[in-house]
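Enquirer: Before I ask anything, here is the structure I am working with.
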Amino acid sequence: MREEKSGGLGRRDFLKGAVTTALAAGFVGLRETDAHASAEVHRPNNGLPDTLQPLPSIKAAPGTEKFWKQVKKAFTLPDNFIHMNTGTTGSQLLFSQINLAVYNNYKSADPRDWQANLNADFPDLFPIENSILGASAIGPRQAAVAAAYGANPDEIVLSYNTTDACNLIFAGTPWQPGDRIITTSMEHNAFIGPIAWARDYHGVEVVVIEIPSNFVSSITVPEVVSWFETELARPLPSGAKQYVVFSEIFYKNGVRMPVKQICTAARNHGAYSIVDSAHAWGMIPVDCHDYGADFIAGAGHKWLCGGPGTGIFYIRNSGSNLPPFAMGNFFLYGDQFTAPSLSYNTRDWKFLPFLPTPPNIAVQLRGENNTPALLAMTDAFSFFDFVGLQNIYYRGVALSNYLKQKIECKWGPEALWVQRNADPAFASFLTSFNPFQGRNDSAQYAAMNSAISTILSNLAAQTPKIYLRSTTWHNSKNDTADNRVGFRISTHAMYNDYSQIDWMFDQLVAQINASGLPQL
């Protein structure tokens with residue numbers, strides 16, 4: 001398990017992280033690729049990119065503003081664009097974009113041996129794992145992600161987004177009438193749809209916990225956990241299963257849930273836990289084993305900046321009381337000649353009768369993988385690991401708190417849908433607020449929503465462009481439609497800074513003033 005660092009990143013740790021990532025983990029390394037010029041025999045000769053790029057070099061002292069400015073240069077965001085909507089999608093690192101083109105070029109030039117060719121041409125940058133399944137670069141990538149995020153290598157699947165992993169979880173779970181899902185009122189469609197499917201097609205009971213729209217600073221972790229424990233304690237039919245299904249960070253308002261404590265409560269009641277961490281990879285220094293979750297689904301294209309159609313999916317495969325799970329993708333489930341399948345009603349999955357198949361193989365192999373995209377995502381991950389996952393988290397929370405303080409000074413803390421809390425367990429890089437007097441009045445919702453949409457369009461049309469977004473939600477689970485709205489601002493640790501927040505905020509205030517709506 002990775003040792004957490006409570007302070008800044010020291011020079012020794014910085015260099016150690018770089019070497020570990022580049023060499024031991026088998027990712028794009030720190031050496032200049034010209035050092036491999038003698039191994040060009042396999043390189044495609046078609047004018048397309050054919051040279052893997054190393055990690056961007058950072059020479060400034062870690063933790064300084066100069067350091068973060070050099071980190072920002074690894075991205076292609078122009079000076080006339082302030083991107084504060086990473087909660088929707090991030091900006092892919094330049095070296096990861098180039099490497100994606102190289103991976104695709106090698107694959108197209110030699111579809112069978114492209115990974116082995118890459119290993120031969122870039123032996124220090126791209127190790128290949130040989131196994132009964134053939135040569136593959138996926139295995140070393142899974143192992144490196146697992147080491148950074150507190151998991152075993154066989155528990156990590158490189159998926160295509162959070163929704164992909166959520167669908168795999170629900171499709172592979174043997175739902176039965178009487179089973180119960182405990183979820184919240186703030187979930188994304190990645191959970192809402194599968195939960196409704198389990199209810200409609202399998203008779204699963206669904207219980208919705210109301211998350212308060214006004215998440216005030218006095219809310220405590222034990223209080224939040226009690227919301228779940230109240231439902232977990234209700235009796236179940238004999239033989240029924242119970243699941244807690246919730247997001248680590250709610251995309252609507254940005255509050256972070258105390259995952260470890262909620263998963264502990266679930267486990268104490270014999271329940272399983274499924275966590276949507278779409279906003280965690282690249283933002284939070286996740287420790288899967290410490291969380292105690294059974295499943296964690298997350299995205300690679302948001303805060304991790306790994307490019308579209310990528311994700312990281314954790315499936316607990318150690319410890320006791322593993323949740324029943326039939327892989328979800330079913331690609332290796334069985335065949336029409338053997339009934340029931342060798343993998344029926346067991347977690348001891350079989351690729352062949354003599355070959356036990358852990359999740360990193362059984363779930364990873366679901367048809368033709370978009371391997372180039374997954375490799376490019378894990379290249380991006382290597383840079384995040386090199387910079388320091390804990391350091392990125394501290395920086396991002398500091399930026400978010402700086403923005404929240406500006407909002408408080410202008411309109412008061414009541415403008416924030418999620419107020420700053422003394423407990424850092426609730427902190428994230430997302431800020432949601434509404435500065436208008438009718439924020440809690442459903443009758444004023446339409447006017448506020450229209451004004452906010454106009455403001456966002458105006459900000460995106462000016463120079464520099466400012467990209468923010470808004471979110472809407474039901475104030476109560478009994479509401480028939482959305483009746484709350486807020487600005488949602490994403491402050492990414494690696495390419496946003498304090499000066500951007502200052503500029504954005506001044507422009508935002510001017511637009512809010514021009515809206516004519518009464519303010520707090």
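Residue numbering restarts at 1 in every chain; chains get A, B, ... in the order shown in the structure tokens, and ligands count up from 1 in that same order.
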Looking only at the backbone, which of the residues in range 36-148 of chain A does DSSP tag as strand (DSSP E), as a list in words?
Expert: Phe81, Ile82, His83, Glu129, Asn130, Ser131, Gly134, Ala135 and Ser136 of chain A
Enquirer: Using only C-alpha atoms, find each residue in range 98-217 of chain A having at least one atom no more than 10 Å away from range 265-282 of chain A; report its shortest atom-to-atom pair and that distance in Å (one decimal), rows by chain then rising number, as CSV.
Expert:
residue,atom,partner,partner_atom,distance
A:Tyr149,CA,A:Trp281,CA,8.8
A:Asn161,CA,A:Ala278,CA,8.0
A:Thr162,CA,A:Ala278,CA,5.7
A:Thr163,CA,A:Ala278,CA,8.8
A:Ala165,CA,A:Asp276,CA,9.1
A:Cys166,CA,A:Asp276,CA,7.7
A:Ile169,CA,A:Ile274,CA,8.3
A:Phe170,CA,A:Ile274,CA,9.6
A:Arg180,CA,A:Ala271,CA,9.4
A:Ile181,CA,A:Ala271,CA,9.5
A:Ile182,CA,A:Ser273,CA,9.5
A:Thr183,CA,A:Ile274,CA,9.7
A:Glu187,CA,A:Asp276,CA,8.7
A:His188,CA,A:Asp276,CA,8.7
A:Ala190,CA,A:Asp276,CA,8.2
A:Phe191,CA,A:Asp276,CA,7.7
Enquirer: Skip range 224-227 of chain A itself and residues of its chain fewer than 5 positions away, then list as a list in words all residues within 7 Å of it, counting only C-alpha atoms.
Expert: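 My reading of the contact set: Ile209, Gln261 and Ile262 of chain A.
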Enquirer: With N, CA and C atoms retained, write the just-selected residues as a PDB file, in the first residue's frame.
Expert:
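Done, and the output landed in part-v5.pdb:
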ATOM      1  N   ILE A 209     -31.874   7.789  -0.479  1.00  0.00           N
ATOM      2  CA  ILE A 209     -31.540   8.695   0.620  1.00  0.00           C
ATOM      3  C   ILE A 209     -31.479  10.110   0.073  1.00  0.00           C
ATOM      4  N   GLN A 261     -16.120   5.235   5.484  1.00  0.00           N
ATOM      5  CA  GLN A 261     -17.059   5.047   6.586  1.00  0.00           C
ATOM      6  C   GLN A 261     -18.379   4.446   6.110  1.00  0.00           C
ATOM      7  N   ILE A 262     -18.838   4.859   4.928  1.00  0.00           N
ATOM      8  CA  ILE A 262     -20.081   4.294   4.393  1.00  0.00           C
ATOM      9  C   ILE A 262     -19.887   2.823   4.027  1.00  0.00           C
TER      10      ILE A 262
END
Enquirer: Within 6 Å of range 324-332 of chain A, which residues of range 134-225 of chain A show up? Give each one with its shortest atom-to-atom distance in Å (one decimal) and the two atoms involved, counting only C-alpha atoms, rows by chain then rising residue number, as a tab-separated table.
Expert:
residue	atom	partner	partner_atom	distance
A:Leu168	CA	A:Gly328	CA	4.3
A:Ile169	CA	A:Gly328	CA	5.9
A:Ala171	CA	A:Gly328	CA	4.8
A:Gly172	CA	A:Gly328	CA	3.6
A:Thr173	CA	A:Phe325	CA	4.9
Enquirer: For the residues selected in the previous step, produce a file with N, CA, C and O atoms as a PDB file, in the first residue's frame.
Expert:
ATOM      1  N   LEU A 168     -21.207  -3.051 -16.409  1.00  0.00           N
ATOM      2  CA  LEU A 168     -20.617  -4.371 -16.197  1.00  0.00           C
ATOM      3  C   LEU A 168     -20.973  -4.900 -14.813  1.00  0.00           C
ATOM      4  O   LEU A 168     -21.272  -6.089 -14.652  1.00  0.00           O
ATOM      5  N   ILE A 169     -20.937  -4.028 -13.811  1.00  0.00           N
ATOM      6  CA  ILE A 169     -21.262  -4.452 -12.446  1.00  0.00           C
ATOM      7  C   ILE A 169     -22.697  -4.952 -12.365  1.00  0.00           C
ATOM      8  O   ILE A 169     -22.974  -6.050 -11.856  1.00  0.00           O
ATOM      9  N   ALA A 171     -24.792  -5.813 -14.803  1.00  0.00           N
ATOM     10  CA  ALA A 171     -25.080  -6.959 -15.672  1.00  0.00           C
ATOM     11  C   ALA A 171     -24.545  -8.248 -15.079  1.00  0.00           C
ATOM     12  O   ALA A 171     -25.131  -9.325 -15.280  1.00  0.00           O
ATOM     13  N   GLY A 172     -23.434  -8.176 -14.346  1.00  0.00           N
ATOM     14  CA  GLY A 172     -22.822  -9.373 -13.787  1.00  0.00           C
ATOM     15  C   GLY A 172     -23.324  -9.764 -12.416  1.00  0.00           C
ATOM     16  O   GLY A 172     -22.956 -10.826 -11.900  1.00  0.00           O
ATOM     17  N   THR A 173     -24.164  -8.930 -11.808  1.00  0.00           N
ATOM     18  CA  THR A 173     -24.690  -9.247 -10.475  1.00  0.00           C
ATOM     19  C   THR A 173     -25.979 -10.055 -10.600  1.00  0.00           C
ATOM     20  O   THR A 173     -26.907  -9.646 -11.300  1.00  0.00           O
TER      21      THR A 173
END
Enquirer: Can you list, as a list in words, every protein, DNA or RNA residue that comes within 8 Å of Thr51 in chain A when you count only C-alpha atoms, leaving out same-chain residues fewer than 2 positions away?
Expert: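 With the cut-off at 8 Å, the set is Thr33, Pro49, Gln53, Asn99 and Val102 of chain A.
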Enquirer: I need the chosen residues saved as a PDB file, in the first residue's frame, with C-alpha atoms.
Expert:
ATOM      1  CA  THR A  33      13.619   8.737 -26.972  1.00  0.00           C
ATOM      2  CA  PRO A  49       4.250   9.743 -35.517  1.00  0.00           C
ATOM      3  CA  GLN A  53       7.336  10.591 -25.923  1.00  0.00           C
ATOM      4  CA  ASN A  99       1.714   8.490 -27.836  1.00  0.00           C
ATOM      5  CA  VAL A 102       2.153   6.292 -32.124  1.00  0.00           C
TER       6      VAL A 102
END
Enquirer: Find the residues of range 167-259 of chain A that sit at most 12 Å from range 482-490 of chain A; for each, write down the nearest two atoms and how far apart they are in Å, to one decimal. Count only C-alpha atoms. Sort by chain, then by number going up, and give it as CSV.
Expert:
residue,atom,partner,partner_atom,distance
A:Ser185,CA,A:Asp482,CA,11.4
A:Met186,CA,A:Asp482,CA,11.3
A:Pro212,CA,A:Arg484,CA,11.1
A:Ser213,CA,A:Arg484,CA,7.8
A:Asn214,CA,A:Arg484,CA,10.3
A:Phe250,CA,A:Arg488,CA,11.3
A:Tyr251,CA,A:Arg488,CA,8.8
A:Lys252,CA,A:Arg488,CA,7.6
A:Asn253,CA,A:Arg488,CA,7.0
A:Gly254,CA,A:Arg488,CA,7.9
A:Val255,CA,A:Arg488,CA,11.4
Enquirer: Just the residues within 8 Å of Lys241 in chain A, please, counting only C-alpha atoms, with nothing from its chain fewer than 2 positions along; format it as a PyMOL selection string.
Expert: chain A and resi 178-180+236+239+243+271
Enquirer: Choose the residue, out of A:Ala362, A:Thr338, A:Pro62, A:Pro372, that has the smallest atom-to-atom separation from Tyr106 in chain A; count only C-alpha atoms.
Expert: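 With only C-alpha atoms as the atom set, the closest residue is A:Pro372.
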Enquirer: At what distance in Å, to one decimal, does CA of Met84 in chain A lie from CA of Ala447 in chain A?
Expert: 23.9 Å
Enquirer: DSSP says alpha helix (DSSP H) for which residues of range 183-414 of chain A? Put them as a short mmCIF file (atom, residue, chain, number, x, y, z; two decimals) with N, CA, C and O atoms, in the first residue's frame?
Expert:
data_model
loop_
_atom_site.label_atom_id
_atom_site.label_comp_id
_atom_site.auth_asym_id
_atom_site.auth_seq_id
_atom_site.Cartn_x
_atom_site.Cartn_y
_atom_site.Cartn_z
N ASN A 189 -26.74 9.39 -14.21
CA ASN A 189 -27.45 8.35 -14.98
C ASN A 189 -26.66 7.06 -15.09
O ASN A 189 -27.24 6.00 -15.35
N ALA A 190 -25.34 7.12 -14.90
CA ALA A 190 -24.54 5.89 -14.92
C ALA A 190 -25.01 4.91 -13.85
O ALA A 190 -24.87 3.69 -14.01
N PHE A 191 -25.57 5.42 -12.77
CA PHE A 191 -26.18 4.59 -11.73
C PHE A 191 -27.70 4.56 -11.84
O PHE A 191 -28.32 3.51 -11.62
N ILE A 192 -28.30 5.70 -12.15
CA ILE A 192 -29.76 5.78 -12.16
C ILE A 192 -30.36 4.74 -13.12
O ILE A 192 -31.30 4.02 -12.77
N GLY A 193 -29.80 4.63 -14.32
CA GLY A 193 -30.32 3.68 -15.30
C GLY A 193 -30.18 2.24 -14.87
O GLY A 193 -31.18 1.48 -14.86
N PRO A 194 -28.97 1.77 -14.48
CA PRO A 194 -28.84 0.38 -14.03
C PRO A 194 -29.68 0.06 -12.80
O PRO A 194 -30.21 -1.05 -12.68
N ILE A 195 -29.81 1.02 -11.87
CA ILE A 195 -30.63 0.78 -10.69
C ILE A 195 -32.09 0.57 -11.10
O ILE A 195 -32.77 -0.36 -10.61
N ALA A 196 -32.58 1.42 -12.00
CA ALA A 196 -33.96 1.26 -12.48
C ALA A 196 -34.14 -0.06 -13.21
O ALA A 196 -35.19 -0.72 -13.10
N TRP A 197 -33.13 -0.48 -13.95
CA TRP A 197 -33.18 -1.78 -14.66
C TRP A 197 -33.29 -2.93 -13.67
O TRP A 197 -34.11 -3.86 -13.86
N ALA A 198 -32.48 -2.90 -12.61
CA ALA A 198 -32.53 -3.96 -11.60
C ALA A 198 -33.90 -3.97 -10.91
O ALA A 198 -34.44 -5.04 -10.61
N ARG A 199 -34.47 -2.80 -10.70
CA ARG A 199 -35.81 -2.71 -10.10
C ARG A 199 -36.89 -3.26 -11.03
O ARG A 199 -37.72 -4.10 -10.63
N ASP A 200 -36.85 -2.81 -12.30
CA ASP A 200 -37.93 -3.14 -13.23
C ASP A 200 -37.89 -4.58 -13.71
O ASP A 200 -38.94 -5.22 -13.88
N TYR A 201 -36.70 -5.11 -13.95
CA TYR A 201 -36.58 -6.44 -14.53
C TYR A 201 -36.33 -7.55 -13.51
O TYR A 201 -36.52 -8.73 -13.80
N HIS A 202 -35.88 -7.18 -12.31
CA HIS A 202 -35.52 -8.21 -11.34
C HIS A 202 -36.18 -8.04 -9.98
O HIS A 202 -35.87 -8.79 -9.05
N VAL A 221 -19.42 13.78 9.31
CA VAL A 221 -19.30 12.44 8.73
C VAL A 221 -20.22 11.44 9.43
O VAL A 221 -20.95 10.68 8.77
N PRO A 222 -20.24 11.38 10.78
CA PRO A 222 -21.17 10.43 11.42
C PRO A 222 -22.62 10.68 11.04
O PRO A 222 -23.40 9.72 10.91
N GLU A 223 -22.98 11.94 10.84
CA GLU A 223 -24.36 12.24 10.44
C GLU A 223 -24.66 11.65 9.07
O GLU A 223 -25.72 11.03 8.87
N VAL A 224 -23.74 11.83 8.13
CA VAL A 224 -23.94 11.28 6.79
C VAL A 224 -24.02 9.76 6.83
O VAL A 224 -24.90 9.15 6.22
N VAL A 225 -23.13 9.15 7.58
CA VAL A 225 -23.13 7.68 7.68
C VAL A 225 -24.44 7.19 8.29
O VAL A 225 -24.98 6.15 7.89
N SER A 226 -24.99 7.94 9.24
CA SER A 226 -26.24 7.53 9.88
C SER A 226 -27.39 7.47 8.89
O SER A 226 -28.32 6.66 9.05
N TRP A 227 -27.35 8.32 7.84
CA TRP A 227 -28.40 8.28 6.82
C TRP A 227 -28.44 6.90 6.17
O TRP A 227 -29.51 6.36 5.88
N PHE A 228 -27.27 6.32 5.93
CA PHE A 228 -27.18 5.00 5.30
C PHE A 228 -27.46 3.89 6.31
O PHE A 228 -28.13 2.90 5.98
N GLU A 229 -26.95 4.05 7.53
CA GLU A 229 -27.14 2.99 8.53
C GLU A 229 -28.61 2.78 8.87
O GLU A 229 -29.03 1.66 9.14
N THR A 230 -29.38 3.85 8.86
CA THR A 230 -30.82 3.72 9.14
C THR A 230 -31.48 2.75 8.17
O THR A 230 -32.30 1.90 8.55
N GLU A 231 -31.12 2.86 6.89
CA GLU A 231 -31.70 1.97 5.87
C GLU A 231 -31.06 0.59 5.90
O GLU A 231 -31.73 -0.43 5.69
N LEU A 232 -29.77 0.53 6.16
CA LEU A 232 -29.07 -0.76 6.21
C LEU A 232 -29.62 -1.65 7.31
O LEU A 232 -29.60 -2.89 7.20
N VAL A 259 -16.42 7.82 1.83
CA VAL A 259 -16.56 6.47 1.25
C VAL A 259 -16.18 5.38 2.24
O VAL A 259 -16.89 4.39 2.40
N LYS A 260 -15.04 5.54 2.88
CA LYS A 260 -14.56 4.48 3.78
C LYS A 260 -15.58 4.20 4.88
O LYS A 260 -15.89 3.03 5.17
N GLN A 261 -16.12 5.24 5.48
CA GLN A 261 -17.06 5.05 6.59
C GLN A 261 -18.38 4.45 6.11
O GLN A 261 -18.98 3.61 6.80
N ILE A 262 -18.84 4.86 4.93
CA ILE A 262 -20.08 4.29 4.39
C ILE A 262 -19.89 2.82 4.03
O ILE A 262 -20.75 1.98 4.31
N CYS A 263 -18.75 2.51 3.42
CA CYS A 263 -18.48 1.10 3.06
C CYS A 263 -18.32 0.24 4.31
O CYS A 263 -18.73 -0.93 4.32
N THR A 264 -17.73 0.80 5.36
CA THR A 264 -17.62 0.06 6.62
C THR A 264 -19.00 -0.23 7.19
O THR A 264 -19.28 -1.35 7.66
N ALA A 265 -19.88 0.77 7.17
CA ALA A 265 -21.26 0.56 7.65
C ALA A 265 -21.95 -0.52 6.83
O ALA A 265 -22.65 -1.38 7.40
N ALA A 266 -21.77 -0.48 5.51
CA ALA A 266 -22.38 -1.50 4.66
C ALA A 266 -21.87 -2.89 5.03
O ALA A 266 -22.65 -3.84 5.20
N ARG A 267 -20.57 -3.00 5.16
CA ARG A 267 -19.96 -4.30 5.48
C ARG A 267 -20.45 -4.81 6.84
O ARG A 267 -20.68 -6.01 7.02
N ASN A 268 -20.59 -3.92 7.82
CA ASN A 268 -21.06 -4.32 9.14
C ASN A 268 -22.48 -4.87 9.11
O ASN A 268 -22.88 -5.62 10.01
N CYS A 288 -8.00 1.86 -2.70
CA CYS A 288 -9.13 0.95 -2.86
C CYS A 288 -9.31 0.03 -1.65
O CYS A 288 -10.43 -0.16 -1.16
N HIS A 289 -8.22 -0.55 -1.18
CA HIS A 289 -8.34 -1.47 -0.05
C HIS A 289 -8.75 -0.74 1.22
O HIS A 289 -9.55 -1.25 2.01
N ASP A 290 -8.22 0.46 1.43
CA ASP A 290 -8.59 1.22 2.61
C ASP A 290 -10.05 1.65 2.54
O ASP A 290 -10.74 1.69 3.57
N TYR A 291 -10.53 1.97 1.34
CA TYR A 291 -11.95 2.31 1.18
C TYR A 291 -12.84 1.16 1.62
O TYR A 291 -13.91 1.39 2.19
N PRO A 359 -10.15 -10.94 -12.21
CA PRO A 359 -10.88 -9.86 -12.89
C PRO A 359 -10.07 -9.11 -13.93
O PRO A 359 -10.61 -8.71 -14.96
N ASN A 360 -8.77 -8.88 -13.67
CA ASN A 360 -7.99 -8.08 -14.62
C ASN A 360 -7.86 -8.77 -15.97
O ASN A 360 -7.51 -8.12 -16.96
N ILE A 361 -8.17 -10.07 -16.04
CA ILE A 361 -8.21 -10.78 -17.32
C ILE A 361 -9.65 -11.06 -17.73
O ILE A 361 -10.06 -10.76 -18.84
N ALA A 362 -10.44 -11.60 -16.78
CA ALA A 362 -11.80 -12.03 -17.12
C ALA A 362 -12.67 -10.88 -17.56
O ALA A 362 -13.52 -11.04 -18.44
N THR A 371 -6.87 -0.83 -27.17
CA THR A 371 -5.63 -0.81 -26.42
C THR A 371 -4.85 0.49 -26.57
O THR A 371 -4.33 1.01 -25.58
N PRO A 372 -4.73 1.08 -27.77
CA PRO A 372 -4.01 2.35 -27.86
C PRO A 372 -4.58 3.42 -26.93
O PRO A 372 -3.82 4.14 -26.28
N ALA A 373 -5.89 3.55 -26.85
CA ALA A 373 -6.49 4.56 -25.99
C ALA A 373 -6.22 4.27 -24.52
O ALA A 373 -5.92 5.19 -23.74
N LEU A 374 -6.29 2.99 -24.13
CA LEU A 374 -6.05 2.64 -22.74
C LEU A 374 -4.59 2.86 -22.37
O LEU A 374 -4.28 3.29 -21.25
N LEU A 375 -3.67 2.60 -23.30
CA LEU A 375 -2.26 2.84 -23.02
C LEU A 375 -1.99 4.33 -22.90
O LEU A 375 -1.21 4.77 -22.05
N ALA A 376 -2.61 5.14 -23.76
CA ALA A 376 -2.43 6.58 -23.69
C ALA A 376 -2.97 7.13 -22.37
O ALA A 376 -2.39 8.05 -21.78
N MET A 377 -4.09 6.57 -21.89
CA MET A 377 -4.62 7.00 -20.60
C MET A 377 -3.64 6.70 -19.48
O MET A 377 -3.40 7.53 -18.60
N THR A 378 -3.06 5.50 -19.50
CA THR A 378 -2.15 5.15 -18.43
C THR A 378 -0.81 5.88 -18.56
O THR A 378 -0.10 6.04 -17.57
N ASP A 379 -0.47 6.34 -19.75
CA ASP A 379 0.66 7.26 -19.88
C ASP A 379 0.35 8.55 -19.12
O ASP A 379 1.19 9.08 -18.37
N ALA A 380 -0.87 9.08 -19.30
CA ALA A 380 -1.29 10.28 -18.58
C ALA A 380 -1.24 10.02 -17.07
O ALA A 380 -0.76 10.86 -16.30
N PHE A 381 -1.73 8.86 -16.67
CA PHE A 381 -1.67 8.50 -15.25
C PHE A 381 -0.24 8.54 -14.74
O PHE A 381 0.02 8.99 -13.61
N SER A 382 0.71 8.08 -15.54
CA SER A 382 2.11 8.05 -15.09
C SER A 382 2.61 9.44 -14.76
O SER A 382 3.41 9.63 -13.84
N PHE A 383 2.15 10.44 -15.50
CA PHE A 383 2.56 11.81 -15.21
C PHE A 383 1.94 12.30 -13.91
O PHE A 383 2.58 12.99 -13.11
N PHE A 384 0.67 11.97 -13.69
CA PHE A 384 0.03 12.33 -12.43
C PHE A 384 0.76 11.68 -11.26
O PHE A 384 0.98 12.31 -10.22
N ASP A 385 1.13 10.42 -11.42
CA ASP A 385 1.84 9.71 -10.36
C ASP A 385 3.21 10.34 -10.14
O ASP A 385 3.70 10.44 -9.00
N PHE A 386 3.85 10.78 -11.20
CA PHE A 386 5.15 11.44 -11.14
C PHE A 386 5.04 12.78 -10.40
O PHE A 386 5.86 13.10 -9.53
N VAL A 387 4.04 13.55 -10.67
CA VAL A 387 3.81 14.82 -9.98
C VAL A 387 3.44 14.58 -8.52
O VAL A 387 3.86 15.32 -7.62
N LEU A 389 0.13 12.16 -6.51
CA LEU A 389 -1.33 12.17 -6.38
C LEU A 389 -1.78 12.96 -5.16
O LEU A 389 -2.78 13.68 -5.21
N GLN A 390 -1.03 12.84 -4.06
CA GLN A 390 -1.39 13.58 -2.85
C GLN A 390 -1.18 15.07 -3.06
O GLN A 390 -1.99 15.90 -2.62
N ASN A 391 -0.09 15.43 -3.73
CA ASN A 391 0.19 16.85 -3.98
C ASN A 391 -0.85 17.48 -4.90
O ASN A 391 -1.24 18.64 -4.71
N ILE A 392 -1.30 16.72 -5.89
CA ILE A 392 -2.35 17.21 -6.79
C ILE A 392 -3.63 17.46 -5.99
O ILE A 392 -4.31 18.48 -6.18
N TYR A 393 -3.95 16.55 -5.08
CA TYR A 393 -5.15 16.71 -4.27
C TYR A 393 -5.07 17.96 -3.40
O TYR A 393 -6.02 18.76 -3.35
N TYR A 394 -3.96 18.16 -2.71
CA TYR A 394 -3.82 19.34 -1.86
C TYR A 394 -3.94 20.62 -2.68
O TYR A 394 -4.58 21.59 -2.27
N ARG A 395 -3.31 20.64 -3.84
CA ARG A 395 -3.35 21.83 -4.70
C ARG A 395 -4.78 22.10 -5.18
O ARG A 395 -5.26 23.24 -5.14
N GLY A 396 -5.46 21.07 -5.63
CA GLY A 396 -6.81 21.25 -6.15
C GLY A 396 -7.79 21.71 -5.09
O GLY A 396 -8.65 22.56 -5.35
N VAL A 397 -7.68 21.16 -3.89
CA VAL A 397 -8.56 21.59 -2.80
C VAL A 397 -8.27 23.04 -2.42
O VAL A 397 -9.18 23.82 -2.14
N ALA A 398 -6.99 23.42 -2.43
CA ALA A 398 -6.63 24.80 -2.11
C ALA A 398 -7.24 25.76 -3.13
O ALA A 398 -7.76 26.83 -2.76
N LEU A 399 -7.18 25.41 -4.42
CA LEU A 399 -7.80 26.26 -5.44
C LEU A 399 -9.30 26.35 -5.25
O LEU A 399 -9.91 27.42 -5.36
N SER A 400 -9.93 25.22 -4.95
CA SER A 400 -11.38 25.19 -4.75
C SER A 400 -11.77 26.03 -3.54
O SER A 400 -12.76 26.78 -3.58
N ASN A 401 -11.04 25.92 -2.45
CA ASN A 401 -11.34 26.70 -1.26
C ASN A 401 -11.13 28.19 -1.52
O ASN A 401 -11.86 29.04 -0.97
N TYR A 402 -10.13 28.53 -2.33
CA TYR A 402 -9.89 29.93 -2.68
C TYR A 402 -11.10 30.50 -3.41
O TYR A 402 -11.56 31.61 -3.12
N LEU A 403 -11.65 29.73 -4.34
CA LEU A 403 -12.85 30.16 -5.05
C LEU A 403 -14.04 30.27 -4.10
O LEU A 403 -14.82 31.24 -4.15
N LYS A 404 -14.21 29.30 -3.24
CA LYS A 404 -15.33 29.34 -2.28
C LYS A 404 -15.23 30.57 -1.37
O LYS A 404 -16.26 31.18 -1.03
N GLN A 405 -14.03 30.92 -0.98
CA GLN A 405 -13.85 32.11 -0.14
C GLN A 405 -14.28 33.38 -0.88
O GLN A 405 -14.90 34.27 -0.29
N LYS A 406 -13.97 33.45 -2.16
CA LYS A 406 -14.38 34.61 -2.95
C LYS A 406 -15.91 34.70 -3.03
O LYS A 406 -16.50 35.78 -2.95
N ILE A 407 -16.55 33.54 -3.19
CA ILE A 407 -18.01 33.50 -3.24
C ILE A 407 -18.59 33.94 -1.90
O ILE A 407 -19.55 34.72 -1.83
N GLU A 408 -18.00 33.45 -0.81
CA GLU A 408 -18.47 33.83 0.52
C GLU A 408 -18.34 35.34 0.76
O GLU A 408 -19.24 35.97 1.33
N CYS A 409 -17.22 35.90 0.34
CA CYS A 409 -17.00 37.33 0.54
C CYS A 409 -17.99 38.17 -0.26
O CYS A 409 -18.40 39.26 0.17
N LYS A 410 -18.39 37.66 -1.43
CA LYS A 410 -19.30 38.41 -2.29
C LYS A 410 -20.76 38.24 -1.90
O LYS A 410 -21.52 39.22 -1.81
N TRP A 411 -21.20 37.03 -1.63
CA TRP A 411 -22.63 36.76 -1.40
C TRP A 411 -22.93 36.09 -0.06
O TRP A 411 -24.09 35.86 0.26
#
